[in-house]
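Here is input23.tsv, consisting of TSV, C-alpha atoms:
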chain	number	residue	atom	x	y	z
A	1	MET	CA	-84.99	64.92	-32.00
A	2	ARG	CA	-83.43	66.29	-28.82
A	3	ASP	CA	-79.72	65.56	-28.37
A	4	ALA	CA	-78.59	63.14	-25.69
A	5	VAL	CA	-75.61	65.42	-25.01
A	6	LEU	CA	-75.18	69.01	-26.11
A	7	VAL	CA	-71.99	70.95	-25.39
A	8	GLU	CA	-71.59	74.47	-26.73
A	9	ASP	CA	-68.56	76.74	-26.39
A	10	LEU	CA	-67.48	75.05	-23.20
A	11	GLU	CA	-64.50	76.56	-21.40
A	12	PHE	CA	-62.82	75.18	-18.31
A	13	GLY	CA	-59.53	75.83	-16.59
A	14	TYR	CA	-57.60	75.44	-13.37
A	15	GLY	CA	-56.35	78.87	-12.36
A	16	SER	CA	-54.72	80.48	-15.38
A	17	ARG	CA	-54.34	77.14	-17.23
A	18	ALA	CA	-57.11	76.53	-19.75
A	19	VAL	CA	-58.01	72.84	-19.95
A	20	PHE	CA	-60.36	73.42	-22.89
A	21	GLN	CA	-61.62	76.38	-24.82
A	22	LYS	CA	-64.72	76.70	-27.01
A	23	VAL	CA	-65.41	72.98	-27.05
A	24	SER	CA	-68.66	72.13	-28.85
A	25	PHE	CA	-70.23	68.82	-29.87
A	26	ARG	CA	-73.53	66.96	-29.83
A	27	ILE	CA	-74.30	63.31	-29.30
A	28	ALA	CA	-77.56	61.97	-30.73
A	29	PRO	CA	-79.81	59.57	-28.78
A	30	GLY	CA	-78.45	56.04	-29.05
A	31	GLU	CA	-75.15	57.19	-30.58
A	32	SER	CA	-71.91	55.77	-29.24
A	33	ALA	CA	-69.03	58.25	-29.29
A	34	GLY	CA	-65.44	57.71	-28.22
A	35	LEU	CA	-63.37	60.49	-26.67
A	36	ALA	CA	-59.65	60.07	-27.21
A	37	GLY	CA	-56.70	62.32	-26.51
A	38	PRO	CA	-53.23	62.31	-24.98
A	39	ASN	CA	-52.63	62.32	-21.21
A	40	GLY	CA	-53.70	65.58	-19.65
A	41	ALA	CA	-55.88	66.57	-22.62
A	42	GLY	CA	-58.87	66.98	-20.30
A	43	LYS	CA	-60.96	63.87	-21.07
A	44	THR	CA	-61.79	63.17	-17.43
A	45	THR	CA	-62.34	66.88	-16.75
A	46	LEU	CA	-64.77	67.06	-19.68
A	47	LEU	CA	-66.68	64.04	-18.36
A	48	TRP	CA	-66.78	65.54	-14.85
A	49	CYS	CA	-68.19	68.77	-16.35
A	50	LEU	CA	-70.88	66.73	-18.13
A	51	MET	CA	-71.71	64.94	-14.88
A	52	GLY	CA	-72.11	68.31	-13.16
A	53	LEU	CA	-69.24	67.64	-10.77
A	54	LEU	CA	-67.12	70.53	-12.09
A	55	ARG	CA	-68.42	73.95	-13.00
A	56	PRO	CA	-67.14	75.27	-16.34
A	57	ARG	CA	-66.03	78.89	-16.76
A	58	SER	CA	-68.52	79.38	-19.56
A	59	GLY	CA	-70.54	77.53	-22.15
A	60	ARG	CA	-73.64	75.41	-22.24
A	61	ILE	CA	-74.03	71.76	-21.26
A	62	GLU	CA	-77.19	69.68	-21.60
A	63	VAL	CA	-77.21	66.00	-20.73
A	64	CYS	CA	-80.44	64.07	-21.14
A	65	PRO	CA	-81.47	62.67	-17.72
A	66	PRO	CA	-81.06	60.20	-16.17
A	67	PHE	CA	-77.42	59.56	-16.98
A	68	GLY	CA	-75.12	56.87	-15.71
A	69	ALA	CA	-71.42	57.23	-15.08
A	70	VAL	CA	-68.50	54.89	-14.53
A	71	PHE	CA	-65.32	56.42	-13.14
A	72	GLN	CA	-61.81	55.42	-14.13
A	73	ASN	CA	-61.37	53.98	-10.60
A	74	PRO	CA	-64.84	52.72	-9.82
A	75	GLU	CA	-63.98	51.19	-6.44
A	76	ASP	CA	-65.11	54.43	-4.80
A	77	GLN	CA	-68.51	54.18	-6.50
A	78	LEU	CA	-69.24	50.90	-4.73
A	79	PHE	CA	-69.58	51.04	-0.96
A	80	MET	CA	-72.70	49.11	0.03
A	81	PRO	CA	-72.61	45.67	1.73
A	82	SER	CA	-73.29	44.00	-1.65
A	83	ILE	CA	-73.15	45.10	-5.28
A	84	LEU	CA	-76.87	44.35	-5.54
A	85	GLU	CA	-77.50	47.00	-2.86
A	86	ASP	CA	-75.10	49.32	-4.69
A	87	ALA	CA	-77.05	48.98	-7.94
A	88	ALA	CA	-80.39	49.42	-6.16
A	89	LEU	CA	-79.36	52.45	-4.09
A	90	PRO	CA	-79.90	55.24	-6.67
A	91	LEU	CA	-83.32	53.80	-7.51
A	92	LEU	CA	-84.33	53.63	-3.84
A	93	ASN	CA	-83.06	57.13	-3.42
A	94	ARG	CA	-85.32	58.26	-6.27
A	95	GLY	CA	-88.32	56.78	-4.43
A	96	ALA	CA	-88.65	53.35	-6.10
A	97	ALA	CA	-90.16	50.58	-3.98
A	98	ARG	CA	-87.54	48.16	-2.63
A	99	PRO	CA	-88.74	45.02	-4.51
A	100	GLN	CA	-88.81	46.88	-7.85
A	101	ALA	CA	-85.43	48.49	-7.18
A	102	LEU	CA	-83.86	45.13	-6.33
A	103	ALA	CA	-85.43	43.52	-9.42
A	104	LYS	CA	-83.99	46.23	-11.69
A	105	ALA	CA	-80.62	45.98	-9.95
A	106	ARG	CA	-80.60	42.17	-10.52
A	107	GLU	CA	-81.49	42.70	-14.17
A	108	ALA	CA	-78.62	45.20	-14.57
A	109	LEU	CA	-76.14	42.85	-12.87
A	110	SER	CA	-77.23	40.02	-15.10
A	111	ALA	CA	-76.80	42.27	-18.18
A	112	VAL	CA	-73.10	42.60	-17.31
A	113	GLY	CA	-72.69	38.95	-16.33
A	114	LEU	CA	-72.43	39.52	-12.58
A	115	GLU	CA	-75.61	37.89	-11.33
A	116	HIS	CA	-73.54	35.21	-9.54
A	117	ALA	CA	-71.74	37.90	-7.49
A	118	SER	CA	-74.75	40.01	-6.56
A	119	ASP	CA	-74.44	39.27	-2.82
A	120	ARG	CA	-70.72	39.99	-2.66
A	121	PRO	CA	-69.27	43.28	-1.43
A	122	ALA	CA	-67.30	45.31	-3.96
A	123	HIS	CA	-63.97	44.90	-2.18
A	124	SER	CA	-64.06	41.15	-2.84
A	125	LEU	CA	-64.30	41.64	-6.63
A	126	SER	CA	-61.53	41.76	-9.22
A	127	ALA	CA	-60.73	44.99	-11.13
A	128	GLY	CA	-62.72	43.80	-14.15
A	129	GLU	CA	-65.69	42.90	-11.96
A	130	HIS	CA	-65.47	46.35	-10.33
A	131	LYS	CA	-65.87	47.97	-13.74
A	132	ARG	CA	-68.79	45.74	-14.62
A	133	ALA	CA	-70.43	46.30	-11.22
A	134	ALA	CA	-70.14	50.08	-11.63
A	135	LEU	CA	-71.59	49.72	-15.12
A	136	ALA	CA	-74.50	47.72	-13.67
A	137	CYS	CA	-75.12	50.51	-11.13
A	138	ALA	CA	-75.34	52.96	-14.02
A	139	LEU	CA	-77.55	50.62	-16.10
A	140	ALA	CA	-80.02	50.05	-13.26
A	141	LEU	CA	-81.12	53.66	-13.75
A	142	GLU	CA	-82.04	52.90	-17.38
A	143	PRO	CA	-79.95	55.87	-18.45
A	144	CYS	CA	-80.45	58.02	-21.49
A	145	VAL	CA	-76.68	58.57	-21.63
A	146	LEU	CA	-73.73	56.59	-20.29
A	147	LEU	CA	-70.50	58.43	-19.51
A	148	LEU	CA	-67.53	56.08	-19.20
A	149	ASP	CA	-64.04	57.12	-18.14
A	150	GLU	CA	-61.26	54.75	-19.26
A	151	PRO	CA	-63.52	51.70	-19.00
A	152	THR	CA	-60.77	49.27	-20.07
A	153	SER	CA	-58.00	50.42	-17.71
A	154	GLU	CA	-57.01	47.41	-15.56
A	155	LEU	CA	-58.98	45.04	-17.81
A	156	ASP	CA	-57.44	42.08	-19.61
A	157	PRO	CA	-58.17	41.71	-23.34
A	158	ARG	CA	-60.98	39.20	-22.80
A	159	SER	CA	-62.72	41.44	-20.23
A	160	SER	CA	-62.34	44.40	-22.62
A	161	ARG	CA	-63.99	42.41	-25.41
A	162	LEU	CA	-66.81	41.38	-23.06
A	163	LEU	CA	-67.32	44.98	-21.99
A	164	ALA	CA	-67.49	46.14	-25.62
A	165	THR	CA	-70.09	43.45	-26.31
A	166	HIS	CA	-72.16	44.58	-23.30
A	167	LEU	CA	-71.93	48.21	-24.36
A	168	ASN	CA	-72.92	47.49	-27.96
A	169	ARG	CA	-76.12	45.83	-26.74
A	170	LEU	CA	-77.24	48.97	-24.86
A	171	PRO	CA	-79.71	51.27	-26.58
A	172	CYS	CA	-78.62	54.44	-24.74
A	173	ALA	CA	-76.16	57.08	-25.98
A	174	LYS	CA	-72.59	56.62	-24.81
A	175	LEU	CA	-69.54	58.82	-24.43
A	176	ILE	CA	-66.47	56.69	-23.80
A	177	ALA	CA	-63.20	58.39	-22.83
A	178	SER	CA	-60.35	55.99	-23.51
A	179	HIS	CA	-56.79	55.55	-24.71
A	180	ASP	CA	-57.60	52.06	-25.87
A	181	LEU	CA	-58.05	52.58	-29.61
A	182	ALA	CA	-58.91	48.92	-30.29
A	183	PHE	CA	-61.68	49.16	-27.71
A	184	LEU	CA	-62.97	52.43	-29.16
A	185	ARG	CA	-63.00	50.84	-32.62
A	186	SER	CA	-65.24	48.06	-31.32
A	187	ALA	CA	-67.48	50.13	-29.02
A	188	ALA	CA	-67.86	53.53	-30.70
A	189	SER	CA	-69.15	54.54	-34.12
A	190	ARG	CA	-67.87	58.10	-33.81
A	191	LEU	CA	-64.65	59.50	-32.40
A	192	LEU	CA	-63.82	62.87	-30.87
A	193	ILE	CA	-60.15	63.69	-30.36
A	194	LEU	CA	-59.47	66.20	-27.60
A	195	ASP	CA	-56.05	67.84	-27.73
A	196	GLU	CA	-54.54	71.24	-26.97
A	197	ALA	CA	-57.72	72.45	-25.24
A	198	ARG	CA	-60.01	71.86	-28.22
A	199	ILE	CA	-61.75	69.17	-30.25
A	200	ALA	CA	-59.04	68.43	-32.80
A	201	ALA	CA	-61.05	65.90	-34.82
A	202	ASP	CA	-64.61	64.63	-34.91
A	203	GLY	CA	-65.80	61.96	-37.33
A	204	PRO	CA	-66.53	58.29	-37.93
A	205	ALA	CA	-64.37	56.15	-35.63
A	206	ASP	CA	-63.24	53.81	-38.42
A	207	SER	CA	-61.89	56.55	-40.66
A	208	LEU	CA	-60.22	58.58	-37.88
A	209	LEU	CA	-58.62	55.49	-36.38
A	210	ALA	CA	-57.26	54.55	-39.83
A	211	ASP	CA	-55.53	57.94	-40.16
A	212	GLU	CA	-52.03	57.22	-38.82
A	213	ASP	CA	-50.84	60.83	-39.23
A	214	LEU	CA	-53.76	62.19	-37.24
A	215	LEU	CA	-53.18	59.67	-34.43
A	216	LEU	CA	-49.46	60.43	-34.34
A	217	ARG	CA	-50.10	64.17	-34.30
A	218	HIS	CA	-52.31	63.86	-31.25
A	219	GLY	CA	-50.21	61.43	-29.26
A	220	LEU	CA	-52.45	58.44	-29.84
A	221	LYS	CA	-49.83	56.27	-31.60
B	1	MET	CA	-47.79	44.74	10.86
B	2	ARG	CA	-50.57	45.93	8.58
B	3	LEU	CA	-52.51	47.40	11.48
B	4	SER	CA	-49.46	49.08	13.03
B	5	ALA	CA	-48.60	50.63	9.66
B	6	ALA	CA	-52.16	51.85	9.38
B	7	TRP	CA	-52.02	53.34	12.87
B	8	LEU	CA	-48.71	55.02	12.07
B	9	GLY	CA	-50.44	56.73	9.13
B	10	ILE	CA	-53.47	57.70	11.18
B	11	LEU	CA	-51.27	59.17	13.92
B	12	LEU	CA	-49.17	61.10	11.37
B	13	PHE	CA	-52.32	62.39	9.70
B	14	ALA	CA	-53.75	63.40	13.10
B	15	ALA	CA	-50.45	65.06	14.10
B	16	VAL	CA	-50.50	67.26	10.99
B	17	LEU	CA	-54.17	68.09	11.63
B	18	ALA	CA	-53.35	68.97	15.23
B	19	LEU	CA	-50.50	71.22	14.13
B	20	ALA	CA	-52.68	72.97	11.54
B	21	GLU	CA	-55.47	73.41	14.10
B	22	PHE	CA	-53.06	74.86	16.64
B	23	LEU	CA	-51.28	77.18	14.19
B	24	LEU	CA	-54.32	78.34	12.21
B	25	ALA	CA	-57.13	78.30	14.77
B	26	ARG	CA	-55.04	78.75	17.94
B	27	ARG	CA	-56.95	76.11	19.82
B	28	PRO	CA	-56.28	72.65	21.29
B	29	PRO	CA	-56.33	69.89	18.66
B	30	PHE	CA	-59.95	68.76	19.09
B	31	LEU	CA	-60.27	67.85	15.42
B	32	ALA	CA	-57.27	65.53	15.52
B	33	ALA	CA	-58.46	63.97	18.78
B	34	ARG	CA	-61.92	63.39	17.29
B	35	MET	CA	-60.34	61.84	14.21
B	36	ILE	CA	-58.26	59.39	16.29
B	37	LEU	CA	-61.30	58.49	18.41
B	38	ALA	CA	-63.53	57.99	15.35
B	39	ALA	CA	-60.90	55.87	13.59
B	40	ALA	CA	-60.30	53.75	16.70
B	41	ALA	CA	-64.01	53.29	17.41
B	42	GLY	CA	-64.76	52.60	13.74
B	43	ILE	CA	-61.97	50.04	13.34
B	44	LEU	CA	-62.88	48.26	16.57
B	45	LEU	CA	-66.58	48.31	15.74
B	46	PHE	CA	-66.15	47.09	12.18
B	47	ARG	CA	-63.80	44.32	13.35
B	48	ALA	CA	-65.83	43.20	16.36
B	49	LEU	CA	-69.31	43.20	14.86
B	50	PRO	CA	-70.74	41.33	11.85
B	51	TRP	CA	-71.04	44.72	10.16
B	52	PRO	CA	-72.19	43.68	6.64
B	53	ARG	CA	-75.03	41.62	8.15
B	54	ILE	CA	-76.05	44.48	10.46
B	55	ALA	CA	-75.92	46.96	7.56
B	56	ARG	CA	-78.12	44.77	5.34
B	57	TRP	CA	-80.62	44.25	8.17
B	58	SER	CA	-80.73	47.98	8.91
B	59	LEU	CA	-81.05	49.03	5.27
B	60	ASN	CA	-84.31	47.06	5.07
B	61	ARG	CA	-85.81	49.12	7.89
B	62	ARG	CA	-86.99	52.58	7.03
B	63	ALA	CA	-86.08	54.12	10.40
B	64	LEU	CA	-82.56	52.67	10.40
B	65	ARG	CA	-81.73	53.26	6.73
B	66	ASN	CA	-80.13	56.68	7.12
B	67	PRO	CA	-77.94	55.77	10.14
B	68	ALA	CA	-76.90	52.58	8.31
B	69	LEU	CA	-75.96	54.61	5.22
B	70	TYR	CA	-73.97	57.00	7.41
B	71	PHE	CA	-71.98	54.14	8.93
B	72	LEU	CA	-71.46	52.64	5.47
B	73	PHE	CA	-69.93	55.92	4.31
B	74	VAL	CA	-67.71	56.06	7.42
B	75	SER	CA	-66.60	52.46	6.94
B	76	HIS	CA	-65.88	53.09	3.26
B	77	PHE	CA	-63.84	56.16	4.08
B	78	ILE	CA	-61.87	54.27	6.74
B	79	ARG	CA	-61.17	51.59	4.11
B	80	ILE	CA	-59.98	54.25	1.65
B	81	PHE	CA	-57.75	55.78	4.30
B	82	LEU	CA	-56.22	52.46	5.34
B	83	GLU	CA	-55.68	51.40	1.71
B	84	GLU	CA	-53.86	54.63	0.94
B	85	ILE	CA	-51.73	54.41	4.10
B	86	LEU	CA	-50.78	50.79	3.41
B	87	SER	CA	-49.91	51.31	-0.25
B	88	LEU	CA	-47.90	54.41	0.65
B	89	PHE	CA	-46.12	52.58	3.46
B	90	HIS	CA	-45.20	49.66	1.17
B	91	ALA	CA	-43.94	52.05	-1.53
B	92	TRP	CA	-41.89	53.97	1.02
B	93	ARG	CA	-40.36	50.78	2.49
B	94	LEU	CA	-39.32	49.67	-1.00
B	95	ALA	CA	-37.86	53.08	-1.82
B	96	ALA	CA	-36.06	53.62	1.51
B	97	PRO	CA	-34.97	50.21	2.75
B	98	ARG	CA	-31.98	51.32	4.87
B	99	ARG	CA	-33.42	52.23	8.21
B	100	TRP	CA	-31.99	55.26	10.03
B	101	ARG	CA	-29.63	56.07	7.13
B	102	ALA	CA	-29.46	59.47	5.39
B	103	GLY	CA	-32.77	60.41	3.82
B	104	TRP	CA	-34.79	57.85	5.80
B	105	TRP	CA	-36.60	60.41	7.94
B	106	ARG	CA	-36.94	62.89	5.09
B	107	SER	CA	-38.48	60.26	2.83
B	108	LEU	CA	-40.85	59.26	5.64
B	109	LEU	CA	-41.90	62.87	6.03
B	110	HIS	CA	-42.53	63.27	2.30
B	111	ALA	CA	-44.42	59.98	2.18
B	112	ALA	CA	-46.61	61.09	5.10
B	113	ALA	CA	-47.22	64.47	3.48
B	114	SER	CA	-48.29	62.83	0.21
B	115	LEU	CA	-50.96	60.96	2.17
B	116	PHE	CA	-53.01	64.17	2.27
B	117	PRO	CA	-53.46	64.79	-1.47
B	118	ARG	CA	-53.91	61.03	-2.11
B	119	THR	CA	-56.61	60.67	0.52
B	120	LEU	CA	-58.29	63.88	-0.57
B	121	ARG	CA	-58.36	62.68	-4.18
B	122	ARG	CA	-59.99	59.41	-3.15
B	123	ALA	CA	-62.42	61.29	-0.89
B	124	GLU	CA	-63.28	63.59	-3.79
B	125	ARG	CA	-64.07	60.59	-6.01
B	126	PHE	CA	-66.18	59.05	-3.25
B	127	TYR	CA	-68.08	62.31	-2.79
B	128	ALA	CA	-68.60	62.55	-6.56
B	129	ALA	CA	-70.05	59.03	-6.49
B	130	LEU	CA	-72.42	60.07	-3.69
B	131	LEU	CA	-73.48	63.10	-5.75
B	132	LEU	CA	-74.19	60.93	-8.77
B	133	LYS	CA	-76.26	58.55	-6.66
B	134	GLY	CA	-78.27	61.49	-5.39
B	135	LEU	CA	-76.97	61.13	-1.83
B	136	ALA	CA	-75.13	64.42	-1.46
B	137	GLN	CA	-75.63	68.04	-2.42
Translate this structure into structure tokens?
Amino acid sequence: MRDAVLVEDLEFGYGSRAVFQKVSFRIAPGESAGLAGPNGAGKTTLLWCLMGLLRPRSGRIEVCPPFGAVFQNPEDQLFMPSILEDAALPLLNRGAARPQALAKAREALSAVGLEHASDRPAHSLSAGEHKRAALACALALEPCVLLLDEPTSELDPRSSRLLATHLNRLPCAKLIASHDLAFLRSAASRLLILDEARIAADGPADSLLADEDLLLRHGLK
Amino acid sequence: MRLSAAWLGILLFAAVLALAEFLLARRPPFLAARMILAAAAGILLFRALPWPRIARWSLNRRALRNPALYFLFVSHFIRIFLEEILSLFHAWRLAAPRRWRAGWWRSLLHAAASLFPRTLRRAERFYAALLLKGLAQ
């Protein structure tokens, strides 16, 4: 079976500073992987490389299309007069007919519990609703892979739990960059720890998150 | 107060642009003038007209879709710019409450200078979002 995400010997840096070197991993279709690491480890940079927004120095990246992405600050992903239009926009842009695009957008908004707010503009939503609206925009595409950057930042515990529940229902592969270990425990079956420009650990989320020494060593505790 | 703070930021931003244009390109500050005009026209337009309703109406019409999208991007960028100016202005007022005392002008200058990287970062995120939605190249 083809991988949902394939990264081989990826290298990226800003000037002379290497952000990561020889990073390799694969994510299988439907697999949910967490990406943890201390501040500045390069989690966001890695996601931006996977999204094709940054060009790595070398290495190979394959991401199964279409993919959806939610930024750490998703307010800049939402700019249409309503979040329904926001969710429908990528579909319309790919040539879908307007009624079908709007129907899929409504379905995606309802999957994240935002059907009641579909006619509201993004700037009238709370931070948690922003995250869910951006997630709905990604889901409307029926993605093969979801790339999420700090999905629980600015979320209260209840909203985080709700988000984990939504994510666990999705059949697509997921790569979730987060500092929130409790959230990763509930939303990811596998964990990658990025530190000192490399993948420092890769294994089942439960066992890695139970290893206090490992978490302390990599600034996660 | 909010609007005057926003205008202060826009004028500072335009002044730096004008200076850069004059020093680097050796020409009158057309870019800065265009920026002030676009910001003024945009703010007046978005305040005076029922913009969200017009945008929705236009997005449903094939011929008007692209111009409507263009104005949506402009309005979003103006919102980003004003948000950054206002949050910066509030932070600066909290950090430098004693008007005209030592450091007041210097802190204002640093605050205004930091507007550039902040706005560029937000603009970069917005552009990345457009790329992901297939609206930019």
Practice problem: Give me the residues within 8 Å of stretch 5-15 of chain A as a ChimeraX atom specification, counting all atoms listed in the file and dropping any in the same chain fewer than 3 places off. | Solution: /A:18-28,55-64,145
Quiz item: Quick one: which residues from chain A are at most 12 Å off chain B, using all atoms listed in the file, as a count of residues only?
Solution: 54
Quiz item: atom CA of B:Leu12 and atom CA of B:Pro28, how far apart in Å?
Solution: 16.8 Å
Quiz item: In Å, how far is it from atom CA of B:Asn66 to atom CA of A:Leu114?
Solution: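 Separating atom CA of B:Asn66 from atom CA of A:Leu114 is a distance of 27.2 Å.
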Quiz item: From the set B:Leu37, B:Leu45, B:Pro50, B:Leu8, which residue has the shortest atom-to-atom contact distance to B:Leu108, counting only C-alpha atoms?
Solution: B:Leu8
Quiz item: Which residues, protein or nucleic acid, reach to within 10 Å of (-80.2, 51.0, -24.8) in the file's coordinates when using all atoms listed in the file, and can you give that as number ranges by chain?
Solution: A: 29-31, 139, 142-146, 167-174
Quiz item: What is the atom CA of A:Asp202 to atom CA of A:Leu135 distance in Å?
Solution: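 Pair atom CA of A:Asp202 / atom CA of A:Leu135 returns 25.7 Å.
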Six-sided padding of 8 Å per side, axis-aligned box over stretch 77-93 of chain B, centre and edges in Å, one decimal, as lines of an AutoDock Vina configuration file:
center_x = -52.1
center_y = 52.9
center_z = 2.6
size_x = 39.5
size_y = 22.5
size_z = 24.3
Practice problem: For each of A:Leu148, A:Leu194, A:Ala127, A:Ile199, take the minimum atom-to-atom distance to A:Gly219, counting only C-alpha atoms, then give the residue where this is smallest. | Solution: A:Leu194
Practice problem: Measuring atom to atom with all atoms listed in the file, identify which of A:Ala177, A:Ala111, A:Leu215, A:Ala36 is nearest to A:Thr152. | Solution: A:Ala177
